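Asker: Take this structure, written in structure tokens, and hold onto it; I'll ask about it next.
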Amino acid sequence: MKQDLPVRAWLESPVSGCIEYPADWRDTEVPAVRITGGGRSPALVSFERAPRHAAALRYGYFVNEHGQMVFARPPLGLEGHVVYLAGDFNGWQEAVGKEEWRLKPGLLEGVPMLLWTGPTEWFLHNLPPRFKFVTGDHLWLRLPDNAPNAVGDTAGHMNLVVVPSITGRQLFRFTLAAPLDLSVAWTVIPVGASASSVPLEPGEYFFTVKTDLPLGAIVRGDQTLFRLFAPRARTVRLHLAKTLTAGNGGKVLIPTKRADEPAVWELAVAGNLHGWYYWYELDGPHDITAHFDPRQRVLDPYALAAVGREGPGIVLDRARVGAGDRSFKTPEWQDLVIAEAHVRDLAARAPVAATAEERLGFTGLRKWVESPDFHLAELGVNCVELQPVQEFDNVTREEYHWGYMPVNWFAPASAYALDPARASGVRELQELVAAFHRRGIAVVLDVVFNHVGVPAHLLHIDKLYYFEQDATGRLANWSGCGNDVRANAAMARRLIIDSCLHLIETYGVDGFRFDLAELLGVAALREIEAALKRAKPDVILIAEPWSFRGHIAGALRDTGWTSWNDGYRNFVQDYVRGRGTAEQLEYFLKGSPWYWAKWPAQTVNYTESHDDRTWIDVITENADGNGDNPILHDRRRTHLMAAMLFASVGIPMVAAGQDFLRSKQGVNNTYQRGDLNALDYGRIARFPGTHAYFADWIAFRRSESGRLLRLWSRPEDSYFRTFSAPGSPAAAILYNADRSLGPLQLLFAVNPTLADARIPLGPDLPAANRWRQLADHERFFAGRGQRQPVEPEIFLPALGCALWLGVP
């Protein structure tokens, strides 16, 4: 690479920018460049070296004017945290807690930063060291999205590296007399080297461009206003049709940019166009950062309904749509028992009168929910977490799909509607949520805001604004789905918030589970939380706190989010097969305190979800990993799991069908296998004892005595007391040991081994209460029967457990 040719250029504001060279510019004279685009070449008002510290936000380091090495990190989101510099030079984790590696507050050009300053000789040598920033509680901080010095290792971890030839003297800044037109593809060309241009991209400031105006198709009396945010579009065409058969024969109208907000395009059309169809076509700059195609039909991201994944959108008058059910009282988080489920999986084989077409979506499920025999109501859960119900990218209505490839975040899935062309799904989803509420069941929606499906309509509105990408324009793919949404862009974040508010207000949903929430980042999740709680203070917010890039459960401890606990899932799957320790059991029964959860309901404990194999297929002793015909040990281990799940502090979540040993015949990924995913309710008759065991545990957990498990705040350590069997993972735990929550106590014991176990309790505990056994590994005791007393040493059979209630 020639050292005198720029490698990247970006705007820092509409009238200023930065040009980067591949290494420190050693010449005393500044390079000669010009900016060109659209047949124009605006004059540079100034062009000079950038301050060395300008490299800090991109590279994480620079060498200051005194020859010292400076590592820098913005403090945003790190309030209350101590941050350390860690790397090859100080043993990585060993740096935590050492004052000499702590970053200290400072300013760079008046901007607050966390800084570490030291000698350069530790870092500028032949083997460039890798580094990263880590908090005092061992949370590794995310790299800058645009870091050119990011490198991966064999374990898939991303770190930064010190490049000896880049110390902060590789950057130049320029200013212009007038703002550049962003609808033009601008380039930077070295004078005398016209073939070696680099695109001039909008920089970080671009992602702060926003509007507060209402967006979408807005009906106001006898007028309909169409408004679209498209900050780099050069032309926008609006297609409008009264009927679907009109197709391209409908009206073609030309919205215009607002003079006061040039990123916003709008057009007012006479008449209330409720039920009309519309789509957009956009054109703009053609460079590596853009994906404009004037022939591509673009579905309005704010369309309230859509005919299908390609569109068109359907104009809806919000006054006619109405509001969702808000009469239901969302349960307190610590009282939740969640079932994760899919609309079609629940309805497909439900024993209720419904047509084949109704079973494809909202109406079939509503009929099942309204049935007196509705399975989830009989099971006793008080919250359902529905897999995505926003418009997704299935090709035909009949095609089965999990829904994790959304194309619009406002429109209900047309595949689940009886008459998508008439937007019937809006009313049908409203009725479904209301039906769940009448059964005392809250509705949490699984939402996917980290990536989009096909077609990627946002890509055609502005690829750079809405999607993470590298210097070559290649889309980031930490989601594994081909693109990652740029959640730090102001209007991407607003789009997410507006979508959730719409789902709350129009459908009455109680909360959300955010898919791959790590990709959105803690800052975005905090802003989303604040906005949603202003509208619904008791909204349920659940994060899937990981992606292929990293894990943020620890970073969410200081937020109002709870998280799916994959560590809990993995532990229980191992523990019931005799692996793991009593100490690990104690940690998870206590609710994964402190590192994962600062407050009890901050962990969602689960052992099966839609992803991967079902619980029974994972733990079965059948050689082929197919738990469809489970053996006795499989069933006993499932009972141990259920007992542990409902005895654990936190929010328990089951996968629909887990209570009747649902199997997917050993298949790992069934995202388009409706035949395997549909719930076979006949298995309740095959495994009635297991179904009853789950239901009885849920009933107990939700009972007055079960409040000792449903904690609102983190108790003192003295609340728990644990006992373990020598040389065995078998253990017992006493709840309310200090009687801080009244006189009642609970004693739970579990033995995951294939040998009988004896757990010593000592003489004091048996004498402290009148103990009554409530359950063992097979059943809850409803009346008379052989019950085991609490003695100084309790006996547990192989693959056994027991629960006792103690009264003074």
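Identifiers in this document derive from the order of the structure tokens: chains are assigned A, B, ..., residues are numbered from 1 separately in each chain, and ligands are numbered from 1 in order of occurrence.
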Each residue of stretch 250-349 of chain A with at least one atom at most 10 Å from stretch 438-453 of chain A should appear once, together with its nearest atom pair and the corresponding distance in Å (one decimal); atoms considered: only C-alpha atoms; ordering: chain, then increasing residue number; output as CSV.
Answerer:
residue,atom,partner,partner_atom,distance
A:Arg309,CA,A:Gly453,CA,8.9
A:Asp325,CA,A:Arg438,CA,9.9
A:Ser327,CA,A:Arg438,CA,9.7
A:Phe328,CA,A:Arg438,CA,7.9
A:Lys329,CA,A:Ala442,CA,8.4
A:Thr330,CA,A:Ala442,CA,6.1
A:Pro331,CA,A:Ala442,CA,7.4
A:Leu336,CA,A:Ala442,CA,8.9
A:Val337,CA,A:Ile441,CA,9.6
A:Ile338,CA,A:Ala442,CA,8.9
A:Ala339,CA,A:Val444,CA,9.8
A:Glu340,CA,A:Val444,CA,9.1
A:Ala341,CA,A:Asp446,CA,9.8
A:His342,CA,A:Asp446,CA,9.9
Asker: Store the residues picked out above, limited to all heavy atoms, as a compact mmCIF listing (two decimals), in the first residue's frame.
Answerer:
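result.txt, freshly written:
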# COMPACT_ATOMS: atom_id res chain seq x y z
N ARG A 309 -44.23 -9.80 2.55
CA ARG A 309 -42.88 -9.34 2.85
C ARG A 309 -42.39 -8.28 1.87
O ARG A 309 -41.58 -7.43 2.21
CB ARG A 309 -41.91 -10.52 2.88
CG ARG A 309 -41.59 -11.13 1.52
CD ARG A 309 -40.53 -12.20 1.67
NE ARG A 309 -39.92 -12.56 0.39
CZ ARG A 309 -38.85 -13.35 0.27
NH1 ARG A 309 -38.30 -13.87 1.35
NH2 ARG A 309 -38.34 -13.62 -0.91
N ASP A 325 -56.05 -3.99 24.60
CA ASP A 325 -56.57 -4.17 25.95
C ASP A 325 -55.56 -3.66 26.98
O ASP A 325 -54.42 -4.11 27.01
CB ASP A 325 -56.83 -5.66 26.20
CG ASP A 325 -57.23 -5.93 27.64
OD1 ASP A 325 -58.04 -5.15 28.18
OD2 ASP A 325 -56.74 -6.91 28.22
N SER A 327 -56.79 -3.22 30.28
CA SER A 327 -57.44 -3.46 31.57
C SER A 327 -56.69 -4.50 32.40
O SER A 327 -56.89 -4.59 33.61
CB SER A 327 -58.88 -3.94 31.34
OG SER A 327 -58.90 -5.18 30.65
N PHE A 328 -55.83 -5.27 31.76
CA PHE A 328 -55.12 -6.36 32.44
C PHE A 328 -53.98 -5.80 33.28
O PHE A 328 -53.25 -4.91 32.84
CB PHE A 328 -54.57 -7.33 31.39
CG PHE A 328 -53.80 -8.48 31.95
CD1 PHE A 328 -54.43 -9.53 32.59
CD2 PHE A 328 -52.41 -8.52 31.81
CE1 PHE A 328 -53.71 -10.60 33.09
CE2 PHE A 328 -51.68 -9.59 32.30
CZ PHE A 328 -52.33 -10.63 32.94
N LYS A 329 -53.80 -6.33 34.48
CA LYS A 329 -52.69 -5.92 35.35
C LYS A 329 -51.52 -6.87 35.11
O LYS A 329 -51.57 -8.04 35.44
CB LYS A 329 -53.13 -5.98 36.81
CG LYS A 329 -52.01 -5.63 37.80
CD LYS A 329 -51.59 -4.17 37.67
CE LYS A 329 -50.59 -3.79 38.76
NZ LYS A 329 -49.25 -4.39 38.58
N THR A 330 -50.46 -6.34 34.51
CA THR A 330 -49.26 -7.14 34.28
C THR A 330 -48.71 -7.63 35.60
O THR A 330 -48.53 -6.84 36.54
CB THR A 330 -48.20 -6.30 33.54
OG1 THR A 330 -48.76 -5.81 32.31
CG2 THR A 330 -46.96 -7.13 33.24
N PRO A 331 -48.41 -8.92 35.73
CA PRO A 331 -47.89 -9.44 37.00
C PRO A 331 -46.55 -8.80 37.37
O PRO A 331 -45.78 -8.36 36.51
CB PRO A 331 -47.71 -10.94 36.74
CG PRO A 331 -48.60 -11.24 35.57
CD PRO A 331 -48.61 -10.00 34.74
N LEU A 336 -43.78 -13.93 37.89
CA LEU A 336 -43.98 -14.49 36.55
C LEU A 336 -43.58 -15.96 36.48
O LEU A 336 -42.58 -16.39 37.08
CB LEU A 336 -43.15 -13.71 35.53
CG LEU A 336 -43.58 -12.27 35.22
CD1 LEU A 336 -42.52 -11.58 34.37
CD2 LEU A 336 -44.93 -12.26 34.51
N VAL A 337 -44.36 -16.72 35.72
CA VAL A 337 -43.97 -18.05 35.24
C VAL A 337 -44.25 -18.03 33.74
O VAL A 337 -45.42 -17.93 33.33
CB VAL A 337 -44.74 -19.19 35.93
CG1 VAL A 337 -44.30 -20.54 35.37
CG2 VAL A 337 -44.54 -19.14 37.44
N ILE A 338 -43.21 -18.09 32.94
CA ILE A 338 -43.31 -17.85 31.50
C ILE A 338 -43.30 -19.16 30.73
O ILE A 338 -42.58 -20.10 31.08
CB ILE A 338 -42.15 -16.97 31.02
CG1 ILE A 338 -42.14 -15.62 31.75
CG2 ILE A 338 -42.20 -16.74 29.51
CD1 ILE A 338 -40.93 -14.74 31.43
N ALA A 339 -44.09 -19.21 29.66
CA ALA A 339 -43.99 -20.28 28.67
C ALA A 339 -43.64 -19.65 27.33
O ALA A 339 -44.36 -18.77 26.85
CB ALA A 339 -45.30 -21.06 28.56
N GLU A 340 -42.54 -20.08 26.74
CA GLU A 340 -42.18 -19.62 25.39
C GLU A 340 -42.93 -20.48 24.38
O GLU A 340 -42.97 -21.71 24.51
CB GLU A 340 -40.68 -19.73 25.16
CG GLU A 340 -40.27 -19.11 23.84
CD GLU A 340 -38.97 -19.67 23.26
OE1 GLU A 340 -38.64 -20.83 23.56
OE2 GLU A 340 -38.30 -18.95 22.49
N ALA A 341 -43.53 -19.84 23.38
CA ALA A 341 -44.36 -20.59 22.44
C ALA A 341 -44.42 -19.90 21.09
O ALA A 341 -44.14 -18.70 20.97
CB ALA A 341 -45.78 -20.75 23.01
N HIS A 342 -44.81 -20.65 20.09
CA HIS A 342 -44.96 -20.17 18.72
C HIS A 342 -46.44 -20.24 18.35
O HIS A 342 -47.15 -21.19 18.71
CB HIS A 342 -44.14 -21.06 17.78
CG HIS A 342 -44.12 -20.65 16.36
ND1 HIS A 342 -45.14 -20.94 15.48
CD2 HIS A 342 -43.19 -19.98 15.64
CE1 HIS A 342 -44.83 -20.46 14.28
NE2 HIS A 342 -43.66 -19.87 14.35
Asker: Skip A:Asp212 itself and residues of its chain fewer than 5 positions away, then list as a list of chain:residue names all residues within 12 Å of it, counting only C-alpha atoms.
Answerer: A:Arg227, A:Leu228, A:Phe229, A:Glu261, A:Ala263, A:Val264, A:Ala490, A:Met491, A:Arg494, A:Leu495, A:Asp498
Asker: Neighbours of stretch 592-595 of chain A within 9 Å (only C-alpha atoms; same-chain residues fewer than 5 positions away dropped), as a ChimeraX atom specification?
Answerer: /A:137,553-554,557,565,568,586-587,600,602-603,649-650,714
Asker: Excluding same-chain residues fewer than 3 positions from A:Cys801, what lies within 8 Å of it counting only C-alpha atoms, as a PyMOL selection string?
Answerer: chain A and resi 640+643+748-751+776-777+796-797
Asker: Kindly save the residues from that selection, with N, CA, C and O atoms included, as a JSON list (two decimals), in the first residue's frame.
Answerer:
[["chain", "number", "residue", "atom", "x", "y", "z"],
["A", 640, "LEU", "N", -36.36, -33.77, 38.11],
["A", 640, "LEU", "CA", -35.37, -33.04, 38.89],
["A", 640, "LEU", "C", -35.21, -31.63, 38.33],
["A", 640, "LEU", "O", -35.13, -30.65, 39.08],
["A", 643, "ALA", "N", -38.19, -29.43, 39.28],
["A", 643, "ALA", "CA", -38.13, -29.05, 40.69],
["A", 643, "ALA", "C", -37.10, -27.96, 40.92],
["A", 643, "ALA", "O", -37.35, -26.97, 41.63],
["A", 748, "PHE", "N", -35.39, -27.63, 50.43],
["A", 748, "PHE", "CA", -35.39, -28.33, 49.13],
["A", 748, "PHE", "C", -34.09, -29.10, 49.01],
["A", 748, "PHE", "O", -33.00, -28.57, 49.29],
["A", 749, "ALA", "N", -34.18, -30.37, 48.61],
["A", 749, "ALA", "CA", -33.00, -31.22, 48.47],
["A", 749, "ALA", "C", -33.06, -31.96, 47.16],
["A", 749, "ALA", "O", -34.14, -32.34, 46.68],
["A", 750, "VAL", "N", -31.88, -32.19, 46.55],
["A", 750, "VAL", "CA", -31.83, -32.84, 45.25],
["A", 750, "VAL", "C", -30.59, -33.72, 45.15],
["A", 750, "VAL", "O", -29.51, -33.35, 45.64],
["A", 751, "ASN", "N", -30.76, -34.88, 44.54],
["A", 751, "ASN", "CA", -29.67, -35.84, 44.32],
["A", 751, "ASN", "C", -29.64, -36.22, 42.85],
["A", 751, "ASN", "O", -30.49, -37.00, 42.39],
["A", 776, "ASP", "N", -42.01, -34.98, 46.36],
["A", 776, "ASP", "CA", -40.77, -35.70, 46.09],
["A", 776, "ASP", "C", -40.51, -35.62, 44.59],
["A", 776, "ASP", "O", -41.03, -34.73, 43.91],
["A", 777, "HIS", "N", -39.75, -36.54, 44.05],
["A", 777, "HIS", "CA", -39.39, -36.49, 42.63],
["A", 777, "HIS", "C", -40.50, -37.02, 41.72],
["A", 777, "HIS", "O", -40.37, -36.94, 40.50],
["A", 796, "LEU", "N", -31.98, -39.34, 50.25],
["A", 796, "LEU", "CA", -32.53, -39.09, 48.93],
["A", 796, "LEU", "C", -32.15, -40.24, 48.01],
["A", 796, "LEU", "O", -30.97, -40.60, 47.90],
["A", 797, "PRO", "N", -33.12, -40.85, 47.36],
["A", 797, "PRO", "CA", -32.80, -41.93, 46.43],
["A", 797, "PRO", "C", -32.10, -41.39, 45.19],
["A", 797, "PRO", "O", -32.05, -40.18, 44.95]]
Asker: Report, in Å to a single decimal, how far apart atom CA of A:Leu744 and atom CA of A:Arg779 are.
Answerer: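 These atoms are spaced 21.7 Å apart.
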Asker: Hey, which of A:Trp333, A:Trp276, A:Trp265, A:Tyr606 ends up closest to A:Gly511? Count only C-alpha atoms.
Answerer: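 Closest to A:Gly511, using only C-alpha atoms: A:Trp333.
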Asker: List the spatial neighbours of A:Glu391 as a count of residues only - criterion: any atom at most 10 Å away, only C-alpha atoms, same-chain residues fewer than 6 positions off excluded.
Answerer: 21
Asker: Among stretch 477-678 of chain A, which residues does DSSP mark as strand (DSSP E) when it is run on the backbone? Keep the chain and numbering as in the structure and answer as a list in words.
Answerer: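 For stretch 477-678 of chain A, the strand (DSSP E) set is Gly511, Phe512, Arg513, Phe514, Ile540, Leu541, Ile542, Ala543, Thr562, Ser563, Trp564, Asn565, Thr603, Val604, Asn605, Tyr606, Ile651, Pro652, Met653, Val654 and Ala655 of chain A.
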Asker: Taking 6 positions as the minimum chain separation for residues in the same chain, which residues sit within 12 Å of A:Pro312 when counting only C-alpha atoms? Answer as a ChimeraX atom specification.
Answerer: /A:238-248,275-281,296-301,303-306,391,407-408,411,414,420-423,457
Asker: Using only C-alpha atoms, pick whichever of A:Thr135, A:Thr670, A:Thr208, A:Asn64 has the shortest atom-to-atom distance to A:Tyr466.
Answerer: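 The closest residue to A:Tyr466 is A:Thr208.
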Asker: How many Å separate atom CA of A:Val188 from atom CA of A:Arg34?
Answerer: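 If I compute the distance from atom CA of A:Val188 to atom CA of A:Arg34, I get 5.8 Å.
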Asker: Once DSSP has gone over the backbone, tell me which residues of stretch 390-639 of chain A are in alpha helix (DSSP H), as an NGL selection string.
Answerer: :A and (424-438 or 457-466 or 490-507 or 522-535 or 566-575 or 582-589 or 615-619 or 632-639)
Asker: For atom CA of A:Arg721 and atom CA of A:Arg577, quote the distance in Å rounded to one decimal.
Answerer: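 Taking atom CA of A:Arg721 and atom CA of A:Arg577, their separation equals 24.4 Å.
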Asker: Of the residues A:Ile528, A:Ala268, A:Ala319, A:Val134, which is the one nearest to A:Phe514, using only C-alpha atoms?
Answerer: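 For A:Phe514, the nearest of the candidates is A:Ile528.
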